[in-house]
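Asks: Please find entry-v6.txt (compact mmCIF, N, CA and C atoms and all ligand atoms) on the next line:
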# COMPACT_ATOMS: atom_id res chain seq x y z
N MET S 928 146.76 13.08 56.43
CA MET S 928 146.69 14.48 55.98
C MET S 928 146.19 15.39 57.10
N ASN S 929 146.79 16.57 57.16
CA ASN S 929 146.41 17.58 58.13
C ASN S 929 145.00 18.11 57.83
N HIS S 930 144.18 18.29 58.85
CA HIS S 930 142.80 18.72 58.61
C HIS S 930 142.72 20.15 58.08
N LYS S 931 143.73 20.99 58.44
CA LYS S 931 143.73 22.36 57.92
C LYS S 931 144.06 22.39 56.45
N LEU S 932 145.03 21.57 56.05
CA LEU S 932 145.38 21.45 54.64
C LEU S 932 144.19 20.90 53.86
N ALA S 933 143.54 19.89 54.41
CA ALA S 933 142.38 19.30 53.76
C ALA S 933 141.27 20.33 53.61
N GLY S 934 141.07 21.15 54.64
CA GLY S 934 140.06 22.19 54.58
C GLY S 934 140.37 23.20 53.50
N ARG S 935 141.67 23.53 53.37
CA ARG S 935 142.09 24.48 52.35
C ARG S 935 141.86 23.89 50.95
N ILE S 936 142.24 22.63 50.77
CA ILE S 936 142.02 21.96 49.49
C ILE S 936 140.53 21.93 49.17
N PHE S 937 139.73 21.60 50.18
CA PHE S 937 138.27 21.57 50.04
C PHE S 937 137.74 22.91 49.53
N ASN S 938 138.19 23.99 50.16
CA ASN S 938 137.74 25.33 49.75
C ASN S 938 138.17 25.67 48.33
N TYR S 939 139.47 25.55 48.07
CA TYR S 939 140.00 25.95 46.77
C TYR S 939 139.48 25.07 45.64
N ALA S 940 139.48 23.77 45.85
CA ALA S 940 139.08 22.86 44.78
C ALA S 940 137.61 23.04 44.41
N THR S 941 136.75 23.21 45.42
CA THR S 941 135.33 23.38 45.10
C THR S 941 135.09 24.72 44.40
N VAL S 942 135.76 25.78 44.86
CA VAL S 942 135.60 27.09 44.23
C VAL S 942 136.17 27.06 42.81
N CYS S 943 137.40 26.51 42.67
CA CYS S 943 138.03 26.44 41.35
C CYS S 943 137.19 25.59 40.39
N GLY S 944 136.73 24.45 40.86
CA GLY S 944 135.92 23.58 40.02
C GLY S 944 134.65 24.27 39.56
N ALA S 945 133.99 24.96 40.50
CA ALA S 945 132.76 25.68 40.17
C ALA S 945 133.05 26.82 39.19
N MET S 946 134.18 27.50 39.38
CA MET S 946 134.56 28.60 38.49
C MET S 946 134.81 28.10 37.07
N ILE S 947 135.52 26.97 36.98
CA ILE S 947 135.82 26.40 35.66
C ILE S 947 134.52 26.06 34.94
N ILE S 948 133.59 25.43 35.66
CA ILE S 948 132.30 25.07 35.06
C ILE S 948 131.54 26.33 34.63
N LEU S 949 131.54 27.33 35.51
CA LEU S 949 130.83 28.58 35.23
C LEU S 949 131.42 29.27 34.00
N LEU S 950 132.76 29.37 33.95
CA LEU S 950 133.42 30.02 32.82
C LEU S 950 133.18 29.24 31.53
N ALA S 951 133.22 27.92 31.63
CA ALA S 951 132.98 27.09 30.46
C ALA S 951 131.58 27.34 29.90
N VAL S 952 130.61 27.42 30.80
CA VAL S 952 129.22 27.64 30.37
C VAL S 952 129.04 29.05 29.81
N LEU S 953 129.72 30.02 30.44
CA LEU S 953 129.55 31.41 30.02
C LEU S 953 130.23 31.72 28.69
N TYR S 954 131.43 31.17 28.51
CA TYR S 954 132.24 31.60 27.37
C TYR S 954 132.19 30.70 26.15
N TYR S 955 131.61 29.53 26.27
CA TYR S 955 131.51 28.66 25.10
C TYR S 955 130.03 28.55 24.72
N SER S 956 129.63 29.40 23.82
CA SER S 956 128.21 29.42 23.46
C SER S 956 127.87 28.32 22.45
N ASP S 957 128.88 27.77 21.79
CA ASP S 957 128.59 26.75 20.78
C ASP S 957 128.40 25.35 21.39
N TYR S 958 128.72 25.19 22.69
CA TYR S 958 128.59 23.91 23.37
C TYR S 958 129.29 22.78 22.62
N GLY S 959 130.52 23.06 22.21
CA GLY S 959 131.32 22.04 21.54
C GLY S 959 132.02 21.13 22.53
N ALA S 960 132.94 20.34 22.03
CA ALA S 960 133.65 19.37 22.87
C ALA S 960 134.45 20.07 23.97
N ALA S 961 135.02 21.23 23.66
CA ALA S 961 135.83 21.95 24.65
C ALA S 961 135.01 22.31 25.88
N THR S 962 133.74 22.66 25.67
CA THR S 962 132.86 22.99 26.78
C THR S 962 132.68 21.79 27.70
N TYR S 963 132.41 20.64 27.09
CA TYR S 963 132.18 19.43 27.88
C TYR S 963 133.43 19.01 28.62
N ILE S 964 134.60 19.15 27.95
CA ILE S 964 135.87 18.80 28.59
C ILE S 964 136.10 19.72 29.79
N ALA S 965 135.88 21.03 29.58
CA ALA S 965 136.08 21.99 30.67
C ALA S 965 135.13 21.70 31.83
N ILE S 966 133.87 21.39 31.52
CA ILE S 966 132.89 21.07 32.56
C ILE S 966 133.31 19.80 33.30
N ALA S 967 133.80 18.80 32.54
CA ALA S 967 134.24 17.54 33.15
C ALA S 967 135.43 17.79 34.07
N VAL S 968 136.39 18.60 33.60
CA VAL S 968 137.58 18.91 34.42
C VAL S 968 137.15 19.64 35.70
N GLY S 969 136.28 20.63 35.55
CA GLY S 969 135.78 21.37 36.70
C GLY S 969 135.06 20.46 37.68
N ALA S 970 134.26 19.55 37.15
CA ALA S 970 133.50 18.63 38.00
C ALA S 970 134.43 17.68 38.74
N VAL S 971 135.48 17.22 38.06
CA VAL S 971 136.45 16.31 38.69
C VAL S 971 137.20 17.03 39.81
N ILE S 972 137.63 18.27 39.54
CA ILE S 972 138.34 19.05 40.56
C ILE S 972 137.44 19.29 41.77
N ALA S 973 136.20 19.70 41.52
CA ALA S 973 135.26 19.96 42.60
C ALA S 973 134.97 18.68 43.39
N ALA S 974 134.78 17.57 42.68
CA ALA S 974 134.49 16.29 43.33
C ALA S 974 135.68 15.83 44.17
N ALA S 975 136.90 16.01 43.63
CA ALA S 975 138.11 15.64 44.38
C ALA S 975 138.22 16.48 45.65
N GLY S 976 137.91 17.78 45.52
CA GLY S 976 137.97 18.67 46.68
C GLY S 976 136.97 18.26 47.74
N VAL S 977 135.75 17.93 47.31
CA VAL S 977 134.71 17.50 48.25
C VAL S 977 135.12 16.18 48.91
N PHE S 978 135.67 15.29 48.10
CA PHE S 978 136.09 13.98 48.62
C PHE S 978 137.18 14.13 49.67
N ILE S 979 138.24 14.91 49.33
CA ILE S 979 139.35 15.12 50.26
C ILE S 979 138.85 15.83 51.52
N GLY S 980 138.01 16.87 51.32
CA GLY S 980 137.47 17.60 52.45
C GLY S 980 136.64 16.70 53.35
N TYR S 981 135.78 15.89 52.73
CA TYR S 981 134.90 15.02 53.49
C TYR S 981 135.69 13.96 54.25
N LYS S 982 136.79 13.51 53.63
CA LYS S 982 137.57 12.43 54.23
C LYS S 982 138.54 12.94 55.30
N TYR S 983 139.16 14.10 55.05
CA TYR S 983 140.24 14.54 55.92
C TYR S 983 139.97 15.80 56.72
N ALA S 984 139.03 16.66 56.28
CA ALA S 984 138.78 17.90 57.01
C ALA S 984 137.89 17.62 58.20
N ARG S 985 138.44 16.86 59.13
CA ARG S 985 137.69 16.44 60.31
C ARG S 985 138.48 16.75 61.57
N CYS S 986 137.76 16.86 62.68
CA CYS S 986 138.42 17.07 63.96
C CYS S 986 139.30 15.87 64.28
N PRO S 987 140.57 16.10 64.67
CA PRO S 987 141.46 14.95 64.96
C PRO S 987 141.02 14.14 66.17
N LYS S 988 140.19 14.72 67.02
CA LYS S 988 139.77 13.99 68.22
C LYS S 988 138.43 13.28 68.05
N CYS S 989 137.38 14.03 67.67
CA CYS S 989 136.05 13.43 67.60
C CYS S 989 135.63 13.13 66.17
N SER S 990 136.49 13.51 65.19
CA SER S 990 136.27 13.27 63.76
C SER S 990 134.98 13.89 63.23
N LYS S 991 134.54 15.00 63.86
CA LYS S 991 133.42 15.75 63.31
C LYS S 991 133.85 16.40 62.01
N PHE S 992 132.97 16.37 61.00
CA PHE S 992 133.28 17.00 59.72
C PHE S 992 133.32 18.52 59.90
N LEU S 993 134.44 19.13 59.50
CA LEU S 993 134.61 20.58 59.68
C LEU S 993 134.40 21.34 58.39
N GLY S 994 134.76 20.75 57.26
CA GLY S 994 134.58 21.39 55.96
C GLY S 994 135.28 22.73 55.91
N ILE S 995 134.53 23.75 55.54
CA ILE S 995 135.08 25.10 55.38
C ILE S 995 135.60 25.65 56.70
N MET S 996 135.10 25.15 57.81
CA MET S 996 135.52 25.63 59.13
C MET S 996 136.92 25.14 59.50
N ALA S 997 137.41 24.12 58.82
CA ALA S 997 138.71 23.55 59.16
C ALA S 997 139.83 24.58 59.09
N THR S 998 139.68 25.56 58.21
CA THR S 998 140.72 26.57 58.07
C THR S 998 140.44 27.80 58.93
N LYS S 999 139.21 27.95 59.40
CA LYS S 999 138.84 29.17 60.10
C LYS S 999 138.68 28.98 61.60
N GLU S 1000 138.05 27.89 61.99
CA GLU S 1000 137.81 27.64 63.40
C GLU S 1000 139.10 27.23 64.09
N ARG S 1001 139.26 27.69 65.33
CA ARG S 1001 140.43 27.30 66.10
C ARG S 1001 140.07 26.20 67.10
N ILE S 1002 138.79 26.13 67.40
CA ILE S 1002 138.33 25.14 68.37
C ILE S 1002 137.19 24.35 67.74
N CYS S 1003 137.23 23.04 67.92
CA CYS S 1003 136.18 22.18 67.37
C CYS S 1003 134.83 22.55 67.98
N PRO S 1004 133.80 22.78 67.15
CA PRO S 1004 132.48 23.16 67.70
C PRO S 1004 131.81 22.03 68.48
N LYS S 1005 132.28 20.81 68.29
CA LYS S 1005 131.62 19.71 68.97
C LYS S 1005 132.31 19.32 70.28
N CYS S 1006 133.63 19.15 70.24
CA CYS S 1006 134.31 18.63 71.44
C CYS S 1006 135.25 19.66 72.07
N ASP S 1007 135.30 20.89 71.51
CA ASP S 1007 136.13 21.97 72.06
C ASP S 1007 137.63 21.68 72.06
N THR S 1008 138.07 20.77 71.21
CA THR S 1008 139.51 20.50 71.09
C THR S 1008 140.13 21.62 70.24
N GLU S 1009 141.32 22.03 70.61
CA GLU S 1009 142.03 23.03 69.83
C GLU S 1009 142.49 22.40 68.52
N LEU S 1010 142.17 23.07 67.42
CA LEU S 1010 142.51 22.51 66.11
C LEU S 1010 143.85 23.04 65.62
ZN ZN T 1 136.11 17.58 67.82
Can you turn what I pasted into structure tokens?
Ligand SMILES: [Zn+2]
Replies:
Amino acid sequence: MNHKLAGRIFNYATVCGAMIILLAVLYYSDYGAATYIAIAVGAVIAAAGVFIGYKYARCPKCSKFLGIMATKERICPKCDTEL
């Protein structure tokens, strides 16, 4: 997997997962099964994003973890390789 794609997935999945959890908590005041399902779905999406980001959003040369920087940085902060 491309590190830029992984960085993008990392960003979107963690934000989307957090948003789903936040919305579930905000809009379901009865704390029924739907709330728990929504929180579980959000947590799974966020965890998948973190996992993919942690595994693939790395510098192709020195394998430094880039995370959110994978989509923004053009040069690796550690080894100065062009990303
Ligand atoms: Zn590097």
Asks: Measure the distance from atom N of Gly976 of chain S to atom CA of Glu1000 of chain S in Å and round it to one decimal.
Replies: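 Spanning atom N of Gly976 of chain S to atom CA of Glu1000 of chain S is a straight-line distance of 20.4 Å.
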Asks: What are the centre and edge lengths in Å, to one decimal, of the axis-aligned box around all listed atoms of segment 930-942 of chain S with 5 Å added on each side, as lines of an AutoDock Vina configuration file?
Replies:
center_x = 140.2
center_y = 22.7
center_z = 50.8
size_x = 20.3
size_y = 18.8
size_z = 26.0
Asks: Could the residues that lie within 6 Å of ligand ZN 1 (chain T), counting only N, CA and C atoms and all ligand atoms, be listed as a ChimeraX atom specification?
Replies: /S:986-991,1003-1008
Asks: Quick one: residues within 7 Å of segment 933-938 of chain S, all atoms listed in the file, excluding same-chain residues fewer than 5 positions away - as a ChimeraX atom specification?
Replies: /S:928,943,975-977,979-981,983-985,993-998
Asks: Between atom C of Lys931 of chain S and atom CA of Leu950 of chain S, what is the spacing in Å?
Replies: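 Computing the Euclidean distance for atom CA of Leu950 of chain S and atom C of Lys931 of chain S yields 27.0 Å.
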Asks: Check the smallest atom-to-atom distance from each of S:Ile1002, S:Val952, S:Leu1010, S:Ala945 to Ile972 of chain S using only N, CA and C atoms, then report the winner.
Replies: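 Of all the options, S:Ala945 lies closest to Ile972 of chain S.
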Asks: Identify the residues within 8 Å of coordinate (131.1, 23.3, 36.3) (same frame as the file), considering only C-alpha atoms, and give the answer as a list in words.
Replies: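 Returned residue set, sorted by chain then number, is Gly944, Ala945, Met946, Ile947, Ile948, Leu949, Leu950, Ala951, Val952, Ala965, Ile966, Ala967, Gly969 and Ala970 of chain S.
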Asks: Among chain S, which ones does DSSP assign to strand (DSSP E or B) (computed from the backbone)? Answer as a PDB file with N, CA and C atoms, in the coordinates of the input.
Replies:
ATOM      1  N   ARG S 985     138.440  16.860  59.130  1.00  0.00           N
ATOM      2  CA  ARG S 985     137.690  16.440  60.310  1.00  0.00           C
ATOM      3  C   ARG S 985     138.480  16.750  61.570  1.00  0.00           C
ATOM      4  N   PHE S 992     132.970  16.370  61.000  1.00  0.00           N
ATOM      5  CA  PHE S 992     133.280  17.000  59.720  1.00  0.00           C
ATOM      6  C   PHE S 992     133.320  18.520  59.900  1.00  0.00           C
ATOM      7  N   ILE S1002     138.790  26.130  67.400  1.00  0.00           N
ATOM      8  CA  ILE S1002     138.330  25.140  68.370  1.00  0.00           C
ATOM      9  C   ILE S1002     137.190  24.350  67.740  1.00  0.00           C
ATOM     10  N   GLU S1009     141.320  22.030  70.610  1.00  0.00           N
ATOM     11  CA  GLU S1009     142.030  23.030  69.830  1.00  0.00           C
ATOM     12  C   GLU S1009     142.490  22.400  68.520  1.00  0.00           C
TER      13      GLU S1009
END
Asks: Could you pull out the alpha helix (DSSP H) residues of chain S, going by DSSP on the backbone, and write them as a VMD selection string?
Replies: chain S and resid 930 to 954 960 to 983
Asks: Quick one: pull the distance between atom CA of Leu953 of chain S and atom CA of Ala974 of chain S, Å, one decimal.
Replies: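 Those two atoms sit 20.7 Å apart.
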